[in-house]
$ cat entry05.txt   # compact mmCIF, C-alpha atoms
# COMPACT_ATOMS: atom_id res chain seq x y z
CA MET A 1 48.33 77.47 121.22
CA ARG A 2 48.25 78.85 124.75
CA ALA A 3 49.72 75.62 126.11
CA LEU A 4 52.45 75.68 123.45
CA LEU A 5 53.43 79.25 124.31
CA THR A 6 53.44 78.36 128.00
CA GLY A 7 55.80 75.48 127.34
CA ILE A 8 58.18 77.67 125.34
CA ARG A 9 58.12 80.33 128.05
CA THR A 10 58.88 77.67 130.67
CA VAL A 11 61.91 76.43 128.73
CA LEU A 12 63.29 79.96 128.36
CA THR A 13 62.62 80.77 132.02
CA GLY A 14 64.31 77.55 133.10
CA ILE A 15 67.40 78.38 131.05
CA ALA A 16 67.63 81.81 132.68
CA MET A 17 67.23 80.30 136.16
CA LEU A 18 69.91 77.70 135.54
CA ILE A 19 72.39 80.27 134.24
CA ALA A 20 71.75 82.43 137.30
CA ALA A 21 71.97 79.52 139.75
CA GLY A 22 75.09 77.91 138.35
CA PRO A 23 75.79 74.17 138.83
CA SER A 24 73.77 73.89 142.05
CA TYR A 25 71.11 71.53 140.66
CA GLY A 26 71.58 67.81 140.18
CA GLY A 27 70.76 65.88 137.06
CA THR A 28 72.33 63.82 134.28
CA TRP A 29 75.11 65.16 132.05
CA THR A 30 75.55 63.45 128.68
CA LEU A 31 78.33 63.75 126.10
CA ASN A 32 77.60 62.48 122.57
CA VAL A 33 80.33 61.98 119.97
CA GLU A 34 79.25 60.83 116.49
CA ASN A 35 81.68 60.37 113.61
CA ASP A 36 81.69 58.62 110.26
CA ARG A 37 85.20 57.27 110.79
CA ILE A 38 83.94 55.20 113.73
CA ALA A 39 81.96 53.27 111.10
CA ASN A 40 84.96 53.28 108.71
CA THR A 41 83.44 55.78 106.28
CA ASP A 42 84.27 59.42 105.50
CA ARG A 43 81.45 61.38 103.92
CA HIS A 44 78.34 63.52 104.39
CA TYR A 45 77.51 63.65 108.12
CA SER A 46 81.13 63.89 109.16
CA ASN A 47 80.98 64.68 112.86
CA GLY A 48 78.64 65.63 115.66
CA VAL A 49 79.34 66.58 119.28
CA ARG A 50 76.72 67.43 121.88
CA LEU A 51 76.84 68.17 125.61
CA GLY A 52 73.49 67.98 127.37
CA TRP A 53 72.00 68.18 130.84
CA VAL A 54 68.62 66.88 132.05
CA SER A 55 67.34 67.68 135.52
CA GLU A 56 66.01 65.19 138.03
CA ALA A 57 62.26 64.56 138.00
CA GLU A 58 61.08 67.74 139.70
CA ASP A 59 58.40 68.14 142.35
CA GLY A 60 58.04 71.88 141.72
CA GLU A 61 60.36 73.01 144.50
CA ASN A 62 63.29 73.89 142.28
CA PHE A 63 61.36 74.85 139.13
CA PRO A 64 57.80 75.96 139.90
CA GLU A 65 57.44 77.04 136.26
CA VAL A 66 57.77 73.39 135.24
CA ARG A 67 54.95 72.42 137.59
CA ASP A 68 52.71 75.23 136.28
CA ALA A 69 53.36 74.37 132.63
CA LEU A 70 52.69 70.68 133.17
CA GLN A 71 49.44 71.41 134.96
CA MET A 72 48.30 73.37 131.91
CA LEU A 73 49.58 70.87 129.34
CA TYR A 74 48.26 67.79 131.20
CA PRO A 75 45.21 68.87 133.22
CA LEU A 76 43.80 65.32 133.43
CA ALA A 77 46.98 63.21 133.39
CA ASP A 78 49.01 61.71 136.20
CA VAL A 79 52.27 63.62 135.67
CA ARG A 80 54.80 61.75 137.78
CA GLY A 81 57.75 63.92 136.87
CA GLY A 82 58.73 67.02 134.95
CA ARG A 83 62.26 67.82 133.83
CA LEU A 84 64.21 70.60 132.16
CA GLY A 85 67.00 69.98 129.67
CA LEU A 86 69.79 72.04 128.10
CA GLU A 87 72.03 71.15 125.15
CA LEU A 88 74.95 72.64 123.25
CA GLY A 89 75.95 70.96 119.99
CA HIS A 90 78.00 71.18 116.81
CA ASN A 91 77.57 69.23 113.54
CA ILE A 92 79.73 69.13 110.40
CA TYR A 93 78.62 68.06 106.90
CA THR A 94 80.82 67.58 103.81
CA PRO A 95 80.65 65.99 100.36
CA THR A 96 82.39 62.67 99.72
CA ASP A 97 85.37 64.18 97.88
CA THR A 98 86.93 66.59 100.36
CA GLU A 99 90.11 66.94 98.24
CA ALA A 100 88.33 68.88 95.49
CA ARG A 101 88.61 72.67 95.66
CA SER A 102 85.89 73.27 93.06
CA LEU A 103 82.17 73.04 93.72
CA ILE A 104 80.80 69.49 93.50
CA ALA A 105 77.33 70.24 92.19
CA ASP A 106 75.84 66.75 92.59
CA ASP A 107 77.01 66.14 96.18
CA ARG A 108 75.80 67.67 99.43
CA PRO A 109 77.04 71.12 100.49
CA TYR A 110 79.66 71.83 103.10
CA ALA A 111 77.96 73.07 106.25
CA GLY A 112 78.42 73.60 109.95
CA TRP A 113 75.61 73.80 112.53
CA LEU A 114 76.26 75.34 115.96
CA TYR A 115 73.23 75.31 118.25
CA ALA A 116 71.82 75.38 121.75
CA SER A 117 68.46 74.11 122.95
CA GLY A 118 66.20 74.04 125.95
CA SER A 119 63.73 71.21 126.58
CA LEU A 120 60.72 70.49 128.75
CA TYR A 121 59.95 66.84 129.58
CA ALA A 122 56.83 65.28 131.08
CA GLU A 123 56.65 61.70 132.40
CA THR A 124 53.21 60.19 132.86
CA GLY A 125 52.07 56.69 133.68
CA LYS A 126 48.90 54.65 133.87
CA GLY A 127 47.89 51.02 134.14
CA ILE A 128 46.41 48.23 136.16
CA GLY A 129 48.52 45.55 137.76
CA ASP A 130 51.20 44.28 135.42
CA HIS A 131 49.82 46.23 132.45
CA PHE A 132 51.61 49.52 132.93
CA THR A 133 52.54 52.10 130.29
CA GLU A 134 54.83 55.07 130.83
CA THR A 135 54.80 58.05 128.49
CA LEU A 136 57.64 60.50 127.97
CA ASP A 137 56.90 63.76 126.15
CA LYS A 138 59.51 66.26 125.00
CA MET A 139 59.09 69.80 123.73
CA ALA A 140 62.27 71.64 122.75
CA LEU A 141 63.28 74.98 121.31
CA GLU A 142 66.53 74.80 119.33
CA VAL A 143 68.38 77.91 118.11
CA GLY A 144 71.71 78.27 116.38
CA VAL A 145 73.55 79.33 113.24
CA VAL A 146 74.47 77.69 109.94
CA GLY A 147 77.39 78.90 107.82
CA PRO A 148 80.92 80.20 108.48
CA ALA A 149 79.78 81.53 111.87
CA ALA A 150 79.17 77.91 112.91
CA LEU A 151 82.97 77.31 112.67
CA GLY A 152 82.69 74.07 110.72
CA GLU A 153 85.84 74.69 108.68
CA PRO A 154 88.28 75.54 111.50
CA VAL A 155 86.94 72.82 113.79
CA GLN A 156 87.29 70.11 111.15
CA ASN A 157 90.55 71.19 109.55
CA GLU A 158 92.40 72.04 112.75
CA TYR A 159 91.43 68.66 114.16
CA HIS A 160 92.56 66.94 110.97
CA LYS A 161 95.93 68.71 111.23
CA LEU A 162 96.22 67.59 114.84
CA ILE A 163 95.71 63.91 113.97
CA GLY A 164 97.68 64.04 110.71
CA VAL A 165 94.74 63.71 108.29
CA GLU A 166 94.31 65.68 105.05
CA THR A 167 92.23 68.83 105.44
CA SER A 168 89.00 69.44 103.51
CA LYS A 169 89.63 71.79 100.59
CA GLY A 170 86.15 72.94 99.52
CA TRP A 171 84.88 74.92 102.50
CA GLU A 172 84.66 78.12 100.44
CA HIS A 173 81.47 76.58 98.95
CA GLN A 174 79.75 76.07 102.29
CA LEU A 175 76.28 77.41 103.09
CA GLU A 176 75.98 81.10 103.92
CA ASN A 177 75.43 82.41 107.43
CA GLU A 178 71.83 81.96 108.53
CA PRO A 179 70.23 81.87 111.98
CA GLY A 180 68.35 78.63 112.62
CA ILE A 181 65.40 77.82 114.82
CA ASN A 182 63.50 74.57 115.33
CA LEU A 183 60.53 73.70 117.49
CA ILE A 184 60.59 69.99 118.34
CA GLY A 185 57.94 67.71 119.83
CA GLU A 186 58.14 64.00 120.59
CA ARG A 187 56.31 61.26 122.50
CA LYS A 188 57.61 57.86 123.63
CA TRP A 189 55.74 54.93 125.17
CA ARG A 190 57.44 52.40 127.44
CA HIS A 191 55.51 49.31 128.54
CA LYS A 192 56.39 47.09 131.45
CA ALA A 193 59.22 44.81 130.34
CA LEU A 194 58.64 41.15 129.60
CA ARG A 195 60.76 38.77 131.68
CA PHE A 196 62.17 35.42 130.59
CA HIS A 197 65.12 33.31 131.79
CA GLY A 198 66.60 36.19 133.80
CA LEU A 199 66.34 38.66 130.91
CA GLU A 200 63.97 41.53 130.15
CA ALA A 201 62.67 42.78 126.82
CA ASP A 202 60.64 45.83 125.82
CA ALA A 203 59.65 47.97 122.85
CA ILE A 204 59.62 51.78 122.91
CA PRO A 205 57.64 53.28 120.01
CA HIS A 206 57.86 57.00 119.32
CA VAL A 207 56.38 59.74 117.15
CA GLY A 208 57.69 63.25 116.66
CA ALA A 209 57.93 66.35 114.54
CA SER A 210 60.25 69.28 113.92
CA LEU A 211 59.25 72.68 112.54
CA GLY A 212 61.81 75.27 111.50
CA ASN A 213 64.08 76.64 108.81
CA VAL A 214 66.76 74.01 109.60
CA TYR A 215 64.64 70.85 109.93
CA THR A 216 60.96 70.38 109.13
CA HIS A 217 59.78 66.77 109.26
CA VAL A 218 57.53 64.26 110.95
CA ASN A 219 58.91 60.95 112.16
CA ALA A 220 57.97 57.69 113.82
CA GLY A 221 59.73 54.50 114.82
CA VAL A 222 60.48 51.99 117.54
CA THR A 223 63.40 50.80 119.67
CA LEU A 224 63.65 47.16 120.83
CA ARG A 225 65.76 46.25 123.87
CA VAL A 226 66.88 43.01 125.53
CA GLY A 227 68.90 42.95 128.74
CA GLN A 228 68.55 43.50 132.46
CA GLU A 229 67.22 46.40 134.58
CA LEU A 230 65.66 48.21 131.62
CA TYR A 231 63.92 50.72 133.87
CA VAL A 232 67.07 52.87 134.01
CA ASP A 233 66.27 54.79 130.80
CA TYR A 234 64.38 55.02 127.49
CA GLY A 235 67.42 54.14 125.40
CA PRO A 236 70.64 56.15 124.90
CA PRO A 237 70.27 59.54 123.22
CA LEU A 238 71.61 60.25 119.73
CA ILE A 239 72.06 63.58 117.97
CA ARG A 240 69.04 64.70 115.97
CA PRO A 241 67.60 63.75 113.58
CA SER A 242 68.49 60.22 114.75
CA LEU A 243 66.50 58.34 117.39
CA SER A 244 66.61 60.63 120.39
CA GLY A 245 66.55 58.26 123.36
CA PHE A 246 66.63 60.10 126.69
CA GLY A 247 69.53 61.89 128.35
CA ALA A 248 68.44 61.20 131.93
CA ILE A 249 69.16 57.95 133.70
CA ASN A 250 67.64 56.48 136.83
CA PRO A 251 70.17 55.09 139.31
CA ALA A 252 70.66 51.37 138.71
CA GLU A 253 70.11 49.23 141.80
CA LYS A 254 72.64 46.86 140.30
CA PHE A 255 74.52 46.39 137.06
CA SER A 256 72.26 47.19 134.08
CA TRP A 257 72.86 46.34 130.45
CA TYR A 258 70.92 45.89 127.23
CA ALA A 259 71.39 45.37 123.52
CA PHE A 260 69.11 47.44 121.32
CA ALA A 261 68.00 47.90 117.74
CA GLY A 262 65.75 50.57 116.34
CA ILE A 263 64.28 52.20 113.28
CA ASP A 264 63.13 55.75 112.61
CA GLY A 265 61.40 56.91 109.44
CA ARG A 266 61.13 60.59 108.50
CA TRP A 267 59.00 62.46 105.98
CA VAL A 268 61.27 65.41 105.26
CA LEU A 269 59.82 68.73 104.15
CA ARG A 270 62.96 70.77 104.75
CA ASN A 271 66.60 70.02 105.50
CA ILE A 272 68.77 73.12 105.17
CA PHE A 273 71.88 70.98 104.79
CA LEU A 274 70.46 69.65 101.51
CA ASP A 275 68.00 72.36 100.42
CA GLY A 276 70.51 75.16 100.98
CA ASN A 277 69.99 78.55 102.55
CA THR A 278 66.48 79.88 103.09
CA PHE A 279 67.17 83.54 102.35
CA ALA A 280 70.28 83.45 100.13
CA ASP A 281 71.55 81.66 97.05
CA SER A 282 73.69 78.66 97.94
CA HIS A 283 74.69 75.19 96.84
CA SER A 284 71.89 72.64 97.18
CA VAL A 285 70.87 69.17 96.03
CA ASP A 286 67.49 67.52 95.46
CA LYS A 287 66.60 65.81 98.73
CA LYS A 288 64.60 62.63 99.17
CA SER A 289 61.33 63.02 101.03
CA LEU A 290 61.54 59.70 102.87
CA VAL A 291 64.62 58.88 104.95
CA GLY A 292 65.19 56.04 107.39
CA ASP A 293 67.69 55.38 110.18
CA PHE A 294 68.52 51.88 111.39
CA VAL A 295 70.47 51.63 114.64
CA ALA A 296 71.98 48.85 116.73
CA GLY A 297 74.16 48.91 119.80
CA VAL A 298 74.70 48.13 123.44
CA ALA A 299 74.35 50.22 126.61
CA VAL A 300 75.74 49.55 130.09
CA THR A 301 74.79 51.36 133.30
CA TYR A 302 76.50 50.95 136.66
CA LYS A 303 75.09 53.04 139.49
CA ASP A 304 75.08 56.60 138.09
CA VAL A 305 77.14 56.09 134.91
CA ARG A 306 75.95 54.92 131.48
CA ILE A 307 78.04 54.28 128.39
CA ALA A 308 76.59 53.26 125.03
CA PHE A 309 77.99 52.35 121.63
CA THR A 310 75.74 52.70 118.58
CA HIS A 311 76.08 51.98 114.86
CA VAL A 312 73.75 53.95 112.58
CA MET A 313 72.85 53.26 108.95
CA ARG A 314 71.01 56.10 107.20
CA THR A 315 69.30 55.63 103.83
CA LYS A 316 70.04 57.95 100.92
CA GLU A 317 69.08 61.55 101.66
CA PHE A 318 69.34 63.08 98.16
CA ASP A 319 68.80 61.93 94.59
CA THR A 320 72.41 61.86 93.40
CA GLN A 321 73.71 60.08 96.50
CA THR A 322 75.39 56.85 95.43
CA SER A 323 75.03 54.84 98.64
CA SER A 324 73.61 54.94 102.13
CA ASP A 325 75.62 56.48 104.98
CA GLN A 326 76.94 54.92 108.17
CA PHE A 327 78.40 56.43 111.31
CA GLY A 328 79.17 55.42 114.86
CA ALA A 329 78.20 57.03 118.15
CA ILE A 330 79.67 56.93 121.65
CA THR A 331 77.51 58.24 124.49
CA LEU A 332 78.62 58.84 128.08
CA SER A 333 76.10 59.87 130.75
CA VAL A 334 76.84 60.66 134.40
CA ARG A 335 74.18 61.38 137.01
CA PHE A 336 75.06 63.75 139.88
$ encode --input "entry05.txt" --output "structure tokens"
Amino acid sequence: MRALLTGIRTVLTGIAMLIAAGPSYGGTWTLNVENDRIANTDRHYSNGVRLGWVSEAEDGENFPEVRDALQMLYPLADVRGGRLGLELGHNIYTPTDTEARSLIADDRPYAGWLYASGSLYAETGKGIGDHFTETLDKMALEVGVVGPAALGEPVQNEYHKLIGVETSKGWEHQLENEPGINLIGERKWRHKALRFHGLEADAIPHVGASLGNVYTHVNAGVTLRVGQELYVDYGPPLIRPSLSGFGAINPAEKFSWYAFAGIDGRWVLRNIFLDGNTFADSHSVDKKSLVGDFVAGVAVTYKDVRIAFTHVMRTKEFDTQTSSDQFGAITLSVRF
């Protein structure tokens, strides 16, 4: 518990330091855009946008709090790098029929989710000769708001007006205002890539958990990659609760590319966007306890820039859902 509190305090201290210092520190900036229309669908998880920053692997000079927290969390491990991360994001959820003005009782509620988060990352490594395993741990504190204050209705409908698409008519039935908080933990393992005929291949398994009034679940999965110069990252990041990847990139010595496919399975104890508000009466549906994401895509990195395209298929999330969902994701990362 002491280590957990130290990690949370480090994240909050790092956020305060970064706000005070301004854009004087280097790192990787990442913009995620996820939308169901990219996958030629229009329902449920309608849109997600996230802007994130992850620092360079720190030696303690810029963020001594990171060094102190990692020494407490990993007293016996070889911590090769510690990083801080910041994110600002916005998600929109709707039922399938957005023309209906009346409540659709058997479909998911309208909801917006506006949030910010701070993260602490630890990179460790061990091995002998060619048998080398790297470990990436993440602990994040995510805070935000669900409900009208999250601005889901104006963001969606004003954008629809701008592009000449019909607006969604049922936002008066959205979830009520509620502050949200999630504590997130995750671990990834990356083994030394196999090499064959000029290509590389690796597998990155992961386990994680989220605890909070917005998301409470445990998850596990794996990402498979084939390409060249795989050391540049741990896979492109996606917006939670999808496979998270990693926002930071290492500079590519030459052109780097890979195709990837992955799976993530979640045991869901709470999802406010299906269960409804915690402290107020609201629309809700009966969620499924087991949910899976299947992803496939391609990522390209040249020097300090990475772009990735991902297709995501998500299994049914609630009992009255008629089919699985699909959406597309575009991720752009730039290292300064």
$ atom_distance --input "entry05.txt" --atom1 "CA of Pro251 in chain A" --atom2 "CA of Leu230 in chain A"
11.3 Å
$ residues_around --input "entry05.txt" --residues "Thr28 in chain A" --least-positions-apart "2" --cutoff "9 Å" --atoms "all atoms listed in the file" --output "number ranges by chain"
A: 26, 30, 52-56, 247-249, 304, 333-336
$ atom_distance --input "entry05.txt" --atom1 "CA of Ala203 in chain A" --atom2 "CA of Thr135 in chain A"
12.5 Å
$ closest_residue --input "entry05.txt" --among "A:Leu114, A:Leu332, A:Leu290, A:Val268" --to "Lys316 in chain A" --atoms "all atoms listed in the file"
A:Leu290
$ closest_residue --input "entry05.txt" --among "A:Asp286, A:Asp36, A:Asp137, A:Asp233" --to "Val300 in chain A" --atoms "only C-alpha atoms"
A:Asp233
$ residues_around --input "entry05.txt" --residues "Val285 in chain A" --least-positions-apart "4" --cutoff "8 Å" --atoms "only C-alpha atoms" --output "list in words"
Ala105, Asp106, Asp107, Arg108, Pro109, Leu274, Asp275, Gly276, Phe318, Asp319 and Thr320 of chain A
$ residues_around --input "entry05.txt" --residues "Ile181 in chain A" --least-positions-apart "6" --cutoff "8 Å" --atoms "only C-alpha atoms" --output "JSON, numbers by chain"
{"A": [141, 142, 143, 144, 212, 213, 214]}
$ closest_residue --input "entry05.txt" --among "A:Ser168, A:Thr133, A:Gly112, A:Lys138" --to "Ala100 in chain A" --atoms "all atoms listed in the file"
A:Ser168
$ atom_distance --input "entry05.txt" --atom1 "CA of Arg314 in chain A" --atom2 "CA of Gly292 in chain A"
5.8 Å
$ closest_residue --input "entry05.txt" --among "A:Ser284, A:Glu317, A:Gly147, A:Phe255" --to "Tyr302 in chain A" --atoms "all atoms listed in the file"
A:Phe255
$ residues_around --input "entry05.txt" --residues "Val295 in chain A" --least-positions-apart "2" --cutoff "7 Å" --atoms "all atoms listed in the file" --output "list in words"
Ala261, Gly262, Ile263, Asp293, Gly297, Thr310, His311, Val312 and Met313 of chain A
$ closest_residue --input "entry05.txt" --among "A:Ser324, A:Thr223, A:Gln228, A:Asn182" --to "Leu243 in chain A" --atoms "only C-alpha atoms"
A:Thr223
$ closest_residue --input "entry05.txt" --among "A:Phe260, A:Tyr231, A:Phe294, A:Tyr115" --to "Val146 in chain A" --atoms "only C-alpha atoms"
A:Tyr115
$ residues_around --input "entry05.txt" --residues "His44 in chain A" --least-positions-apart "3" --cutoff "10 Å" --atoms "only C-alpha atoms" --output "ChimeraX atom specification"
/A:36,41,47,92-98,107-111,273,317,321,325-327
$ residues_near_point --input "entry05.txt" --point "(66.2, 73.9, 124.2)" --cutoff "10 Å" --atoms "all atoms listed in the file" --output "number ranges by chain"
A: 8, 11-12, 14-15, 52, 84-88, 115-120, 139-143, 182-184
